[in-house]
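Engineer: This is structure-v1.cif, which holds mmCIF, N, CA and C atoms:
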data_work
loop_
_atom_site.label_atom_id
_atom_site.label_comp_id
_atom_site.auth_asym_id
_atom_site.auth_seq_id
_atom_site.Cartn_x
_atom_site.Cartn_y
_atom_site.Cartn_z
N MET E 5 159.00 61.88 137.81
CA MET E 5 158.78 62.33 136.45
C MET E 5 159.27 61.25 135.50
N ASN E 6 158.45 60.83 134.57
CA ASN E 6 158.79 59.76 133.66
C ASN E 6 159.59 60.23 132.45
N SER E 7 159.48 61.50 132.12
CA SER E 7 160.13 61.95 130.90
C SER E 7 160.76 63.31 131.11
N VAL E 8 161.62 63.64 130.18
CA VAL E 8 162.24 64.96 130.20
C VAL E 8 161.39 65.92 129.39
N GLN E 9 161.55 67.20 129.66
CA GLN E 9 160.81 68.18 128.89
C GLN E 9 161.62 69.45 128.77
N LEU E 10 161.30 70.23 127.77
CA LEU E 10 161.83 71.57 127.61
C LEU E 10 160.69 72.53 127.82
N GLN E 11 160.94 73.58 128.57
CA GLN E 11 159.94 74.63 128.72
C GLN E 11 160.54 75.89 128.13
N SER E 12 159.79 76.54 127.26
CA SER E 12 160.22 77.80 126.66
C SER E 12 159.33 78.91 127.19
N GLN E 13 159.96 80.00 127.60
CA GLN E 13 159.21 81.16 128.05
C GLN E 13 159.62 82.33 127.19
N PHE E 14 158.65 83.16 126.86
CA PHE E 14 158.90 84.33 126.05
C PHE E 14 158.61 85.57 126.90
N PRO E 15 159.66 86.18 127.50
CA PRO E 15 159.44 87.32 128.37
C PRO E 15 158.75 88.47 127.66
N GLU E 16 159.00 88.62 126.37
CA GLU E 16 158.31 89.62 125.58
C GLU E 16 157.41 88.86 124.62
N SER E 17 156.12 88.94 124.82
CA SER E 17 155.15 88.13 124.08
C SER E 17 155.46 88.09 122.59
N VAL E 18 155.58 86.92 122.08
CA VAL E 18 155.87 86.57 120.69
C VAL E 18 157.12 87.24 120.11
N ASN E 19 158.05 87.64 120.96
CA ASN E 19 159.36 88.07 120.48
C ASN E 19 160.25 86.84 120.58
N TRP E 20 160.30 86.07 119.49
CA TRP E 20 160.98 84.78 119.51
C TRP E 20 162.48 84.91 119.75
N GLY E 21 163.03 86.11 119.52
CA GLY E 21 164.46 86.32 119.76
C GLY E 21 164.80 86.40 121.23
N LYS E 22 163.82 86.65 122.06
CA LYS E 22 164.02 86.72 123.51
C LYS E 22 163.37 85.49 124.12
N LEU E 23 164.17 84.54 124.54
CA LEU E 23 163.58 83.33 125.09
C LEU E 23 164.41 82.80 126.23
N ILE E 24 163.76 82.00 127.05
CA ILE E 24 164.42 81.25 128.10
C ILE E 24 163.98 79.80 127.93
N LEU E 25 164.96 78.91 127.73
CA LEU E 25 164.68 77.47 127.65
C LEU E 25 165.08 76.85 128.98
N THR E 26 164.22 76.04 129.53
CA THR E 26 164.54 75.30 130.75
C THR E 26 164.37 73.82 130.46
N ALA E 27 165.47 73.09 130.59
CA ALA E 27 165.41 71.63 130.44
C ALA E 27 165.15 71.04 131.82
N VAL E 28 164.12 70.20 131.93
CA VAL E 28 163.76 69.55 133.19
C VAL E 28 163.93 68.05 132.97
N PHE E 29 164.71 67.42 133.84
CA PHE E 29 165.06 66.02 133.63
C PHE E 29 165.44 65.38 134.95
N ALA E 30 165.44 64.06 134.96
CA ALA E 30 165.92 63.31 136.13
C ALA E 30 167.39 63.00 135.91
N ASP E 31 168.22 63.24 136.95
CA ASP E 31 169.63 62.91 136.82
C ASP E 31 169.81 61.40 136.99
N LYS E 32 171.07 60.93 136.95
CA LYS E 32 171.30 59.48 137.00
C LYS E 32 170.85 58.86 138.32
N ASN E 33 170.66 59.69 139.36
CA ASN E 33 170.17 59.19 140.65
C ASN E 33 168.67 59.35 140.80
N GLY E 34 168.00 59.87 139.79
CA GLY E 34 166.56 60.02 139.83
C GLY E 34 166.07 61.34 140.39
N PHE E 35 166.99 62.25 140.75
CA PHE E 35 166.58 63.55 141.26
C PHE E 35 166.23 64.48 140.10
N ILE E 36 165.17 65.27 140.27
CA ILE E 36 164.75 66.19 139.22
C ILE E 36 165.67 67.40 139.21
N LYS E 37 166.21 67.69 138.06
CA LYS E 37 167.12 68.82 137.87
C LYS E 37 166.57 69.71 136.76
N SER E 38 167.10 70.91 136.70
CA SER E 38 166.76 71.78 135.59
C SER E 38 167.98 72.61 135.21
N ARG E 39 168.06 72.95 133.95
CA ARG E 39 169.11 73.81 133.42
C ARG E 39 168.43 74.88 132.58
N ARG E 40 168.87 76.13 132.73
CA ARG E 40 168.29 77.24 131.97
C ARG E 40 169.26 77.70 130.89
N PHE E 41 168.69 78.05 129.76
CA PHE E 41 169.44 78.57 128.63
C PHE E 41 168.71 79.80 128.09
N THR E 42 169.47 80.77 127.59
CA THR E 42 168.86 81.91 126.91
C THR E 42 169.27 81.84 125.45
N GLN E 43 168.79 82.80 124.66
CA GLN E 43 169.14 82.82 123.25
C GLN E 43 170.65 82.95 123.05
N ASP E 44 171.37 83.49 124.05
CA ASP E 44 172.83 83.63 123.95
C ASP E 44 173.56 82.30 124.15
N ASP E 45 172.86 81.29 124.68
CA ASP E 45 173.47 79.99 124.97
C ASP E 45 173.32 78.98 123.83
N ILE E 46 172.60 79.33 122.79
CA ILE E 46 172.38 78.37 121.71
C ILE E 46 173.10 78.83 120.45
N SER E 47 173.49 77.86 119.65
CA SER E 47 174.21 78.15 118.40
C SER E 47 173.25 78.72 117.36
N GLN E 48 173.83 79.27 116.30
CA GLN E 48 173.02 79.81 115.21
C GLN E 48 172.15 78.71 114.58
N GLU E 49 172.72 77.52 114.41
CA GLU E 49 171.96 76.40 113.85
C GLU E 49 170.79 76.02 114.75
N GLN E 50 171.04 75.98 116.07
CA GLN E 50 169.97 75.67 117.01
C GLN E 50 168.91 76.77 117.01
N ALA E 51 169.34 78.02 116.88
CA ALA E 51 168.39 79.14 116.82
C ALA E 51 167.50 79.02 115.58
N GLU E 52 168.07 78.62 114.46
CA GLU E 52 167.28 78.44 113.24
C GLU E 52 166.27 77.31 113.42
N THR E 53 166.69 76.23 114.06
CA THR E 53 165.78 75.12 114.32
C THR E 53 164.68 75.56 115.27
N PHE E 54 165.06 76.33 116.30
CA PHE E 54 164.05 76.83 117.23
C PHE E 54 163.05 77.73 116.51
N ASN E 55 163.53 78.52 115.54
CA ASN E 55 162.62 79.37 114.76
C ASN E 55 161.59 78.55 114.01
N GLU E 56 161.96 77.33 113.59
CA GLU E 56 160.99 76.45 112.95
C GLU E 56 159.89 76.07 113.93
N VAL E 57 160.28 75.77 115.17
CA VAL E 57 159.30 75.48 116.20
C VAL E 57 158.43 76.71 116.45
N ALA E 58 159.07 77.88 116.52
CA ALA E 58 158.34 79.12 116.76
C ALA E 58 157.32 79.40 115.66
N SER E 59 157.63 78.99 114.43
CA SER E 59 156.67 79.20 113.34
C SER E 59 155.39 78.40 113.58
N HIS E 60 155.50 77.25 114.23
CA HIS E 60 154.31 76.49 114.59
C HIS E 60 153.48 77.23 115.63
N LEU E 61 154.17 77.95 116.51
CA LEU E 61 153.48 78.70 117.56
C LEU E 61 152.79 79.94 117.02
N ALA E 62 153.37 80.52 116.00
CA ALA E 62 152.83 81.76 115.45
C ALA E 62 151.49 81.56 114.78
N VAL E 63 151.15 80.33 114.43
CA VAL E 63 149.89 80.08 113.73
C VAL E 63 148.74 79.77 114.68
N LEU E 64 148.94 79.98 115.99
CA LEU E 64 147.83 79.75 116.92
C LEU E 64 146.60 80.50 116.44
N SER E 65 146.72 81.80 116.28
CA SER E 65 145.70 82.66 115.70
C SER E 65 146.10 84.09 115.99
N ASP E 66 145.40 85.03 115.37
CA ASP E 66 145.68 86.43 115.66
C ASP E 66 145.24 86.79 117.07
N ASN E 67 144.30 86.03 117.63
CA ASN E 67 143.75 86.34 118.95
C ASN E 67 144.56 85.78 120.11
N TRP E 68 145.33 84.74 119.87
CA TRP E 68 146.07 84.07 120.95
C TRP E 68 147.56 84.23 120.75
N LYS E 69 148.26 84.61 121.82
CA LYS E 69 149.72 84.80 121.79
C LYS E 69 150.37 83.86 122.80
N ALA E 70 151.40 83.14 122.36
CA ALA E 70 152.08 82.17 123.22
C ALA E 70 152.87 82.86 124.31
N LEU E 71 152.75 82.33 125.52
CA LEU E 71 153.56 82.79 126.66
C LEU E 71 154.60 81.76 127.04
N GLN E 72 154.17 80.50 127.12
CA GLN E 72 155.06 79.41 127.49
C GLN E 72 154.76 78.21 126.59
N VAL E 73 155.79 77.42 126.40
CA VAL E 73 155.65 76.21 125.60
C VAL E 73 156.37 75.08 126.31
N TRP E 74 155.72 73.95 126.42
CA TRP E 74 156.35 72.74 126.94
C TRP E 74 156.54 71.80 125.77
N VAL E 75 157.72 71.22 125.69
CA VAL E 75 158.06 70.30 124.60
C VAL E 75 158.44 68.97 125.21
N ARG E 76 157.80 67.92 124.74
CA ARG E 76 158.10 66.57 125.21
C ARG E 76 158.35 65.66 124.02
N LEU E 77 159.22 64.70 124.23
CA LEU E 77 159.48 63.72 123.19
C LEU E 77 158.33 62.73 123.15
N SER E 78 157.88 62.41 121.96
CA SER E 78 156.81 61.43 121.79
C SER E 78 157.08 60.63 120.52
N GLN E 79 156.14 59.83 120.16
CA GLN E 79 156.21 59.06 118.92
C GLN E 79 155.05 59.51 118.03
N ALA E 80 155.30 59.59 116.75
CA ALA E 80 154.25 59.97 115.81
C ALA E 80 154.21 58.97 114.67
N ILE E 81 153.03 58.72 114.18
CA ILE E 81 152.87 57.87 113.01
C ILE E 81 153.11 58.74 111.79
N VAL E 82 154.13 58.39 111.00
CA VAL E 82 154.42 59.18 109.81
C VAL E 82 153.88 58.54 108.55
N ASN E 83 153.55 57.27 108.63
CA ASN E 83 152.95 56.59 107.48
C ASN E 83 151.89 55.64 108.04
N PRO E 84 150.64 56.14 108.17
CA PRO E 84 149.61 55.31 108.81
C PRO E 84 149.22 54.08 108.00
N LEU E 85 149.46 54.12 106.70
CA LEU E 85 149.14 52.97 105.86
C LEU E 85 150.42 52.28 105.44
N PRO E 86 150.70 51.12 106.01
CA PRO E 86 151.95 50.42 105.69
C PRO E 86 152.07 50.14 104.19
N GLU E 87 153.31 50.17 103.72
CA GLU E 87 153.58 49.80 102.33
C GLU E 87 153.29 48.31 102.14
N GLU E 88 153.13 47.92 100.90
CA GLU E 88 152.86 46.52 100.61
C GLU E 88 153.98 45.65 101.19
N GLY E 89 153.61 44.63 101.89
CA GLY E 89 154.57 43.73 102.52
C GLY E 89 154.95 44.12 103.94
N GLU E 90 154.61 45.35 104.35
CA GLU E 90 154.88 45.78 105.72
C GLU E 90 153.65 45.53 106.57
N VAL E 91 153.86 45.20 107.82
CA VAL E 91 152.76 44.86 108.71
C VAL E 91 152.29 46.05 109.54
N PHE E 92 153.23 46.91 109.94
CA PHE E 92 152.91 47.98 110.87
C PHE E 92 153.14 49.35 110.24
N PRO E 93 152.42 50.35 110.72
CA PRO E 93 152.69 51.71 110.27
C PRO E 93 154.07 52.17 110.76
N GLU E 94 154.62 53.20 110.11
CA GLU E 94 155.93 53.71 110.48
C GLU E 94 155.80 54.76 111.58
N PHE E 95 156.56 54.58 112.65
CA PHE E 95 156.60 55.54 113.76
C PHE E 95 157.95 56.24 113.73
N ARG E 96 157.97 57.47 114.22
CA ARG E 96 159.22 58.23 114.30
C ARG E 96 159.19 59.08 115.57
N ASP E 97 160.38 59.33 116.13
CA ASP E 97 160.46 60.26 117.25
C ASP E 97 159.94 61.62 116.80
N ALA E 98 159.24 62.29 117.70
CA ALA E 98 158.68 63.60 117.41
C ALA E 98 158.66 64.40 118.69
N VAL E 99 158.48 65.70 118.56
CA VAL E 99 158.27 66.52 119.74
C VAL E 99 156.83 66.99 119.74
N ALA E 100 156.22 66.93 120.90
CA ALA E 100 154.83 67.36 121.07
C ALA E 100 154.84 68.67 121.85
N LEU E 101 154.16 69.67 121.32
CA LEU E 101 154.10 70.99 121.93
C LEU E 101 152.82 71.16 122.73
N THR E 102 152.94 71.74 123.90
CA THR E 102 151.80 72.22 124.68
C THR E 102 152.05 73.70 124.88
N VAL E 103 151.13 74.54 124.45
CA VAL E 103 151.33 75.99 124.44
C VAL E 103 150.33 76.66 125.37
N GLU E 104 150.86 77.46 126.30
CA GLU E 104 149.99 78.32 127.11
C GLU E 104 149.93 79.66 126.39
N ALA E 105 148.72 80.08 126.07
CA ALA E 105 148.53 81.33 125.34
C ALA E 105 147.54 82.23 126.05
N VAL E 106 147.63 83.52 125.75
CA VAL E 106 146.70 84.51 126.31
C VAL E 106 146.09 85.29 125.16
N ASN E 107 144.90 85.86 125.42
CA ASN E 107 144.29 86.74 124.43
C ASN E 107 144.19 88.15 125.01
N ALA E 108 143.79 89.09 124.20
CA ALA E 108 143.74 90.50 124.61
C ALA E 108 142.77 90.72 125.77
N GLY E 109 141.76 89.87 125.89
CA GLY E 109 140.78 90.00 126.97
C GLY E 109 141.25 89.41 128.29
N GLY E 110 142.47 88.88 128.32
CA GLY E 110 143.00 88.30 129.55
C GLY E 110 142.74 86.81 129.70
N GLY E 111 142.09 86.21 128.72
CA GLY E 111 141.83 84.77 128.77
C GLY E 111 143.10 83.97 128.56
N ARG E 112 143.14 82.80 129.17
CA ARG E 112 144.27 81.87 129.01
C ARG E 112 143.74 80.55 128.46
N ARG E 113 144.59 79.90 127.68
CA ARG E 113 144.21 78.62 127.10
C ARG E 113 145.45 77.79 126.85
N LEU E 114 145.30 76.47 126.96
CA LEU E 114 146.36 75.54 126.58
C LEU E 114 146.03 74.95 125.22
N PHE E 115 146.96 75.00 124.31
CA PHE E 115 146.85 74.33 123.02
C PHE E 115 147.76 73.11 123.09
N THR E 116 147.24 71.94 122.75
CA THR E 116 148.02 70.71 122.84
C THR E 116 148.06 70.00 121.50
N SER E 117 148.87 68.97 121.43
CA SER E 117 148.96 68.19 120.20
C SER E 117 147.66 67.45 119.93
N GLN E 118 146.83 67.26 120.95
CA GLN E 118 145.52 66.65 120.72
C GLN E 118 144.57 67.63 120.03
N ASP E 119 144.79 68.94 120.24
CA ASP E 119 143.97 69.96 119.60
C ASP E 119 144.33 70.16 118.14
N ASP E 120 145.61 69.99 117.83
CA ASP E 120 146.10 70.36 116.51
C ASP E 120 147.29 69.47 116.15
N SER E 121 147.19 68.75 115.05
CA SER E 121 148.27 67.86 114.64
C SER E 121 149.54 68.63 114.30
N GLU E 122 149.44 69.93 114.00
CA GLU E 122 150.61 70.75 113.72
C GLU E 122 151.48 70.93 114.96
N SER E 123 150.95 70.60 116.14
CA SER E 123 151.70 70.72 117.38
C SER E 123 152.58 69.52 117.65
N THR E 124 152.59 68.56 116.73
CA THR E 124 153.52 67.43 116.80
C THR E 124 154.47 67.57 115.62
N ILE E 125 155.75 67.70 115.91
CA ILE E 125 156.75 67.97 114.87
C ILE E 125 157.68 66.77 114.75
N VAL E 126 157.78 66.20 113.55
CA VAL E 126 158.62 65.02 113.32
C VAL E 126 159.96 65.36 112.68
N ASP E 127 160.21 66.62 112.42
CA ASP E 127 161.46 67.05 111.80
C ASP E 127 162.65 66.58 112.65
N ARG E 128 163.61 65.92 112.01
CA ARG E 128 164.74 65.33 112.74
C ARG E 128 165.59 66.40 113.44
N ALA E 129 165.73 67.58 112.84
CA ALA E 129 166.52 68.65 113.47
C ALA E 129 165.84 69.15 114.75
N VAL E 130 164.53 69.20 114.75
CA VAL E 130 163.79 69.64 115.94
C VAL E 130 163.94 68.59 117.05
N VAL E 131 163.84 67.32 116.69
CA VAL E 131 164.03 66.24 117.68
C VAL E 131 165.46 66.29 118.22
N ALA E 132 166.45 66.54 117.35
CA ALA E 132 167.84 66.63 117.77
C ALA E 132 168.05 67.81 118.73
N LEU E 133 167.37 68.93 118.47
CA LEU E 133 167.46 70.09 119.37
C LEU E 133 166.92 69.72 120.75
N PHE E 134 165.76 69.07 120.78
CA PHE E 134 165.18 68.61 122.04
C PHE E 134 166.18 67.71 122.77
N ASN E 135 166.74 66.74 122.06
CA ASN E 135 167.68 65.80 122.68
C ASN E 135 168.95 66.49 123.17
N HIS E 136 169.40 67.51 122.46
CA HIS E 136 170.60 68.25 122.87
C HIS E 136 170.42 68.84 124.26
N PHE E 137 169.29 69.45 124.52
CA PHE E 137 169.08 70.12 125.80
C PHE E 137 168.62 69.18 126.90
N THR E 138 168.10 68.03 126.57
CA THR E 138 167.60 67.13 127.61
C THR E 138 168.54 65.95 127.83
N THR E 139 168.84 65.20 126.80
CA THR E 139 169.69 64.01 126.95
C THR E 139 171.09 64.39 127.39
N ASN E 140 171.66 65.43 126.78
CA ASN E 140 173.03 65.82 127.12
C ASN E 140 173.13 66.33 128.56
N ASN E 141 172.06 66.82 129.14
CA ASN E 141 172.11 67.37 130.48
C ASN E 141 171.77 66.36 131.56
N ASN E 142 171.14 65.24 131.22
CA ASN E 142 170.72 64.32 132.29
C ASN E 142 171.78 63.27 132.62
N LYS E 143 172.98 63.42 132.11
CA LYS E 143 174.06 62.46 132.38
C LYS E 143 174.76 62.74 133.70
N GLU E 144 174.45 63.87 134.32
CA GLU E 144 175.13 64.24 135.56
C GLU E 144 174.63 63.44 136.74
#
What would you get if you wrote out this structure as structure tokens?
Structural biologist:
Amino acid sequence: MNSVQLQSQFPESVNWGKLILTAVFADKNGFIKSRRFTQDDISQEQAETFNEVASHLAVLSDNWKALQVWVRLSQAIVNPLPEEGEVFPEFRDAVALTVEAVNAGGGRRLFTSQDDSESTIVDRAVVALFNHFTTNNNKE
């Protein structure tokens, strides 16, 4: 595995207060490890940040409800047109969401950052939350 990821599961469909976060990462020896967290394991500040991520999930549509979400660190262009005198566009760390959703008819679908630019979040607090659960755990 080249990168770390967070997987969020919602045991009660779209009940954002009930969640299981699983951080999947390679330890210092290269072995794949995982750590599980519930809503009881995160601080109030982290819960508020997670709610910001959940608000992105809530806009899938009235027909699709999120079951699982995978979050990966990526890079996003935040200023595609460089300022005068700058040569390159500005990039920033971001989290990219991949959402597994279901509809009332039993259909399943993956929503990715390629489908919707709203699935890439550049907010520094969201990136810090991702790093808290992945970077802090892969030092073992």
Engineer: Could you please give me, as an NGL selection string, the residues of protein, DNA or RNA lying at most 7 Å from (164.6, 72.5, 133.3) in the coordinate frame of the file, considering all atoms listed in the file?
Structural biologist: :E and (9-11 or 25-29 or 37-40)
Engineer: Could you save those same residues with N, CA and C atoms as a compact mmCIF listing (two decimals), in the frame of the given file?
Structural biologist:
# COMPACT_ATOMS: atom_id res chain seq x y z
N GLN E 9 161.55 67.20 129.66
CA GLN E 9 160.81 68.18 128.89
C GLN E 9 161.62 69.45 128.77
N LEU E 10 161.30 70.23 127.77
CA LEU E 10 161.83 71.57 127.61
C LEU E 10 160.69 72.53 127.82
N GLN E 11 160.94 73.58 128.57
CA GLN E 11 159.94 74.63 128.72
C GLN E 11 160.54 75.89 128.13
N LEU E 25 164.96 78.91 127.73
CA LEU E 25 164.68 77.47 127.65
C LEU E 25 165.08 76.85 128.98
N THR E 26 164.22 76.04 129.53
CA THR E 26 164.54 75.30 130.75
C THR E 26 164.37 73.82 130.46
N ALA E 27 165.47 73.09 130.59
CA ALA E 27 165.41 71.63 130.44
C ALA E 27 165.15 71.04 131.82
N VAL E 28 164.12 70.20 131.93
CA VAL E 28 163.76 69.55 133.19
C VAL E 28 163.93 68.05 132.97
N PHE E 29 164.71 67.42 133.84
CA PHE E 29 165.06 66.02 133.63
C PHE E 29 165.44 65.38 134.95
N LYS E 37 166.21 67.69 138.06
CA LYS E 37 167.12 68.82 137.87
C LYS E 37 166.57 69.71 136.76
N SER E 38 167.10 70.91 136.70
CA SER E 38 166.76 71.78 135.59
C SER E 38 167.98 72.61 135.21
N ARG E 39 168.06 72.95 133.95
CA ARG E 39 169.11 73.81 133.42
C ARG E 39 168.43 74.88 132.58
N ARG E 40 168.87 76.13 132.73
CA ARG E 40 168.29 77.24 131.97
C ARG E 40 169.26 77.70 130.89
Engineer: Using all atoms listed in the file, can you tell me which of E:Thr116, E:Asn67, E:Asn107, E:Gln72 comes closest to Ser12 in chain E?
Structural biologist: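 Answer, going by the shortest atom-to-atom distance: E:Gln72.
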Engineer: Under the rule that all atoms listed in the file are counted, which of E:Val130, E:Val103, E:Val73, E:Phe137 is the nearest residue to Glu56 in chain E?
Structural biologist: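 Smallest distance to Glu56 in chain E is found for E:Val130.
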Engineer: Skip Phe134 in chain E itself and residues of its chain fewer than 4 positions away, then list as a ChimeraX atom specification all residues within 10 Å of it, counting only C-alpha atoms.
Structural biologist: /E:8-10,27,50,54,75-77,98-99,128-130,138-140
Engineer: Distance atom N of Glu94 in chain E-atom C of Val82 in chain E, one decimal place?
Structural biologist: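 Answer for the atom N of Glu94 in chain E to atom C of Val82 in chain E separation: 5.6 Å.
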Engineer: Could you pull range 44-53 of chain E out of the block above and save it with all heavy atoms, as a short mmCIF file (atom, residue, chain, number, x, y, z; two decimals), in the first residue's frame?
Structural biologist:
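Result file follows (out.cif):
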data_model
loop_
_atom_site.label_atom_id
_atom_site.label_comp_id
_atom_site.auth_asym_id
_atom_site.auth_seq_id
_atom_site.Cartn_x
_atom_site.Cartn_y
_atom_site.Cartn_z
N ASP E 44 -16.76 8.06 20.36
CA ASP E 44 -16.32 8.28 21.74
C ASP E 44 -14.81 8.49 21.84
O ASP E 44 -14.32 8.94 22.88
CB ASP E 44 -16.71 7.08 22.61
CG ASP E 44 -18.22 6.89 22.67
OD1 ASP E 44 -18.95 7.90 22.56
OD2 ASP E 44 -18.66 5.74 22.82
N ASP E 45 -14.06 8.15 20.78
CA ASP E 45 -12.60 8.27 20.80
C ASP E 45 -12.09 9.59 20.24
O ASP E 45 -10.87 9.80 20.23
CB ASP E 45 -11.97 7.13 19.98
CG ASP E 45 -12.28 5.77 20.55
OD1 ASP E 45 -12.28 5.62 21.79
OD2 ASP E 45 -12.53 4.85 19.75
N ILE E 46 -12.96 10.44 19.75
CA ILE E 46 -12.50 11.68 19.15
C ILE E 46 -12.95 12.86 20.00
O ILE E 46 -13.96 12.81 20.68
CB ILE E 46 -12.96 11.83 17.68
CG1 ILE E 46 -14.48 11.89 17.56
CG2 ILE E 46 -12.41 10.69 16.83
CD1 ILE E 46 -14.98 12.14 16.15
N SER E 47 -12.16 13.92 19.95
CA SER E 47 -12.46 15.12 20.74
C SER E 47 -13.62 15.88 20.12
O SER E 47 -14.00 15.64 18.97
CB SER E 47 -11.23 16.03 20.80
OG SER E 47 -11.00 16.61 19.51
N GLN E 48 -14.15 16.83 20.88
CA GLN E 48 -15.24 17.66 20.38
C GLN E 48 -14.81 18.45 19.13
O GLN E 48 -15.54 18.55 18.16
CB GLN E 48 -15.74 18.62 21.47
CG GLN E 48 -16.87 19.51 21.02
CD GLN E 48 -18.13 18.73 20.67
OE1 GLN E 48 -18.41 17.70 21.27
NE2 GLN E 48 -18.87 19.20 19.69
N GLU E 49 -13.58 18.96 19.15
CA GLU E 49 -13.06 19.70 18.00
C GLU E 49 -12.95 18.80 16.76
O GLU E 49 -13.31 19.18 15.66
CB GLU E 49 -11.69 20.30 18.33
CG GLU E 49 -11.08 21.11 17.21
CD GLU E 49 -9.72 21.68 17.58
OE1 GLU E 49 -9.50 21.97 18.76
OE2 GLU E 49 -8.90 21.84 16.67
N GLN E 50 -12.46 17.56 16.98
CA GLN E 50 -12.37 16.62 15.86
C GLN E 50 -13.76 16.24 15.36
O GLN E 50 -13.97 16.09 14.16
CB GLN E 50 -11.60 15.37 16.29
CG GLN E 50 -10.13 15.63 16.52
CD GLN E 50 -9.44 14.48 17.21
OE1 GLN E 50 -10.04 13.78 18.02
NE2 GLN E 50 -8.16 14.29 16.89
N ALA E 51 -14.72 16.10 16.27
CA ALA E 51 -16.09 15.78 15.88
C ALA E 51 -16.68 16.91 15.02
O ALA E 51 -17.36 16.65 14.02
CB ALA E 51 -16.96 15.54 17.10
N GLU E 52 -16.40 18.15 15.39
CA GLU E 52 -16.89 19.28 14.60
C GLU E 52 -16.26 19.28 13.21
O GLU E 52 -16.94 19.54 12.22
CB GLU E 52 -16.60 20.59 15.33
CG GLU E 52 -17.45 20.77 16.57
CD GLU E 52 -17.04 21.96 17.43
OE1 GLU E 52 -16.19 22.77 16.99
OE2 GLU E 52 -17.56 22.06 18.55
N THR E 53 -14.98 18.98 13.14
CA THR E 53 -14.30 18.90 11.84
C THR E 53 -14.88 17.76 11.02
O THR E 53 -15.14 17.90 9.82
CB THR E 53 -12.78 18.72 12.03
OG1 THR E 53 -12.28 19.83 12.78
CG2 THR E 53 -12.07 18.63 10.70
#
